[in-house]
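Chemist: I have a structure here, written as structure tokens, and I will follow up with some questions on it.
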Amino acid sequence: MELTLFKLYLLMKNHLPTGHWWPAGSKLELIVGAILVQNTNWKNVEYSLANLKADTQFNRTKIIGLSLECLETLIRPSGFYKNKAKSILAITQWLDGFGEDYDAIARHYGDGLRRQLLALPGIGDETADVLMLYVFGQKAFISDKYAQRLLMKLGVADLKNYRETAKLIRLSEEFSVEDAKAFHGLIVDFGKEYLGRGGAWKPSFLDDKKLTLQR
DNA sequence: GGCCAGGACACCA
DNA sequence: TGGTGTCATGGC
């Protein structure tokens with residue numbers, strides 16, 4: 001049976017528990033989490049977020065006030081801490097330049113917002129899309145590893161990297177921003193459950209399903 | 001004790 | 001453009 005992307009989303013929504021997505025108490029906490037989770041288990045990210053919350057309550061001024069060494073220590077549990085600490089400081093300083101007014105940032109950069117995010121250290125294609133979607137409320141498909149594995153299991157061949165996948169996948173008009181957020185959440189929850197490395201199994205509600213990509 | 005996780009980036013051909 | 005090595009911790 002052939003599926004459109006939106007039908008796949010509805011199917012997953014009906015068959016999987018709805019996750020609370022993205023887990024964060026504030027936009028700044030979400031941004032920091034998005035950096036910390038890069039190639040890292042979320043469990044490890046939680047340790048770092050707890051450390052940061054205890055020290056700064058995710059107050060941007062307090063974060064900026066941390067020394068690089070101190071920040072590195074706080075986020076050490078989530079790995080790659082030197083790169084991530086630099087990135088978090090740079091992004092927080094950038095946000096501070098706008099008084100952490102996210103609407104003002106969106107207005108200021110307009111269509112160039114994603115490009116600006118990519119220009120910040122430690123923000124690549126995937127993290128940029130995460131921020132576009134969850135922080136700035138703009139529709140985006142997050143083509144993380146779980147999404148790529150799921151799509152390949154559904155018969156979409158040859159997904160070599162993020163950009164190639166992103167080029168292939170377009171969220172149709174049927175998707176609202178909230179749908180896009182929920183979709184990514186479902187894919188990650190689903191991925192943790194069924195798409196670990198070597199996990200060749202897929203649940204029965206996806207049996208014999210093939211994904212058709214509209215252009 | 002080895003493998004892996006919700007990537008980014010520099011460097012190379 | 002595309003492939004490869006590096007960055008690093010904690011859980012399983």
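Residue numbering restarts at 1 in every chain; chains get A, B, ... in the order shown in the structure tokens, and ligands count up from 1 in that same order.
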As an NGL selection string, could you give me every residue of chain C near chain A (at most 9 Å apart, counting only C-alpha atoms (C1' of nucleotides))?

Modeler: :C and (7-11)

Chemist: Please dump the current selection as a PDB file, in the first residue's frame; keep C-alpha atoms (C1' of nucleotides).

Modeler:
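Listing of out_21.pdb after writing:
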```
ATOM      1  C1'  DC C   7      35.542  15.578  18.792  1.00  0.00           C
ATOM      2  C1'  DA C   8      33.967  12.629  24.176  1.00  0.00           C
ATOM      3  C1'  DT C   9      30.744  11.183  27.634  1.00  0.00           C
ATOM      4  C1'  DG C  10      27.753   7.695  30.009  1.00  0.00           C
ATOM      5  C1'  DG C  11      24.423   3.732  29.351  1.00  0.00           C
TER       6       DG C  11
END
```

Chemist: Kindly determine which residues of chain A lie within 8 Å of chain B, considering only C-alpha atoms (C1' of nucleotides), and give the answer as an MDAnalysis selection string.

Modeler: chainID A and resid 37:42 122:124 126 144:146 188

Chemist: Print the selection's residues with N, CA and C atoms to a file, as a PDB file, in the first residue's frame.

Modeler:
```pdb
ATOM      1  N   VAL A  37      22.510  17.699  22.218  1.00  0.00           N
ATOM      2  CA  VAL A  37      22.064  16.364  21.808  1.00  0.00           C
ATOM      3  C   VAL A  37      22.756  15.884  20.525  1.00  0.00           C
ATOM      4  N   GLN A  38      23.551  16.754  19.920  1.00  0.00           N
ATOM      5  CA  GLN A  38      24.210  16.355  18.670  1.00  0.00           C
ATOM      6  C   GLN A  38      25.037  15.094  18.870  1.00  0.00           C
ATOM      7  N   ASN A  39      24.646  14.074  18.162  1.00  0.00           N
ATOM      8  CA  ASN A  39      25.327  12.772  18.211  1.00  0.00           C
ATOM      9  C   ASN A  39      25.507  12.270  19.642  1.00  0.00           C
ATOM     10  N   THR A  40      24.509  12.497  20.449  1.00  0.00           N
ATOM     11  CA  THR A  40      24.610  12.173  21.870  1.00  0.00           C
ATOM     12  C   THR A  40      23.276  11.645  22.381  1.00  0.00           C
ATOM     13  N   ASN A  41      23.356  10.680  23.274  1.00  0.00           N
ATOM     14  CA  ASN A  41      22.169  10.129  23.914  1.00  0.00           C
ATOM     15  C   ASN A  41      21.473  11.194  24.768  1.00  0.00           C
ATOM     16  N   TRP A  42      20.141  11.258  24.683  1.00  0.00           N
ATOM     17  CA  TRP A  42      19.408  12.294  25.412  1.00  0.00           C
ATOM     18  C   TRP A  42      19.614  12.181  26.920  1.00  0.00           C
ATOM     19  N   GLY A 122      28.679  25.562  15.392  1.00  0.00           N
ATOM     20  CA  GLY A 122      28.015  24.412  16.001  1.00  0.00           C
ATOM     21  C   GLY A 122      26.601  24.186  15.522  1.00  0.00           C
ATOM     22  N   ILE A 123      26.119  25.056  14.626  1.00  0.00           N
ATOM     23  CA  ILE A 123      24.781  24.848  14.067  1.00  0.00           C
ATOM     24  C   ILE A 123      24.923  24.440  12.605  1.00  0.00           C
ATOM     25  N   GLY A 124      24.551  23.200  12.332  1.00  0.00           N
ATOM     26  CA  GLY A 124      24.567  22.698  10.966  1.00  0.00           C
ATOM     27  C   GLY A 124      23.148  22.545  10.463  1.00  0.00           C
ATOM     28  N   GLU A 126      20.875  20.154  10.423  1.00  0.00           N
ATOM     29  CA  GLU A 126      19.811  19.584  11.251  1.00  0.00           C
ATOM     30  C   GLU A 126      19.429  20.506  12.402  1.00  0.00           C
ATOM     31  N   ASP A 144      16.660  13.737  10.620  1.00  0.00           N
ATOM     32  CA  ASP A 144      17.732  13.133  11.415  1.00  0.00           C
ATOM     33  C   ASP A 144      17.927  11.666  11.036  1.00  0.00           C
ATOM     34  N   LYS A 145      18.833  11.005  11.752  1.00  0.00           N
ATOM     35  CA  LYS A 145      19.162   9.628  11.372  1.00  0.00           C
ATOM     36  C   LYS A 145      17.944   8.719  11.450  1.00  0.00           C
ATOM     37  N   TYR A 146      17.103   8.935  12.457  1.00  0.00           N
ATOM     38  CA  TYR A 146      15.914   8.102  12.590  1.00  0.00           C
ATOM     39  C   TYR A 146      14.982   8.309  11.400  1.00  0.00           C
ATOM     40  N   VAL A 188      11.238  10.374  16.180  1.00  0.00           N
ATOM     41  CA  VAL A 188      12.325  10.086  17.124  1.00  0.00           C
ATOM     42  C   VAL A 188      11.899   9.037  18.150  1.00  0.00           C
TER      43      VAL A 188
END
```

Chemist: Based on the backbone DSSP call, show me all residues of range 38-143 of chain A assigned helix (DSSP H, G or I), as a PyMOL selection string.

Modeler: chain A and resi 42-56+60-65+68-78+81-96+102-119+125-134
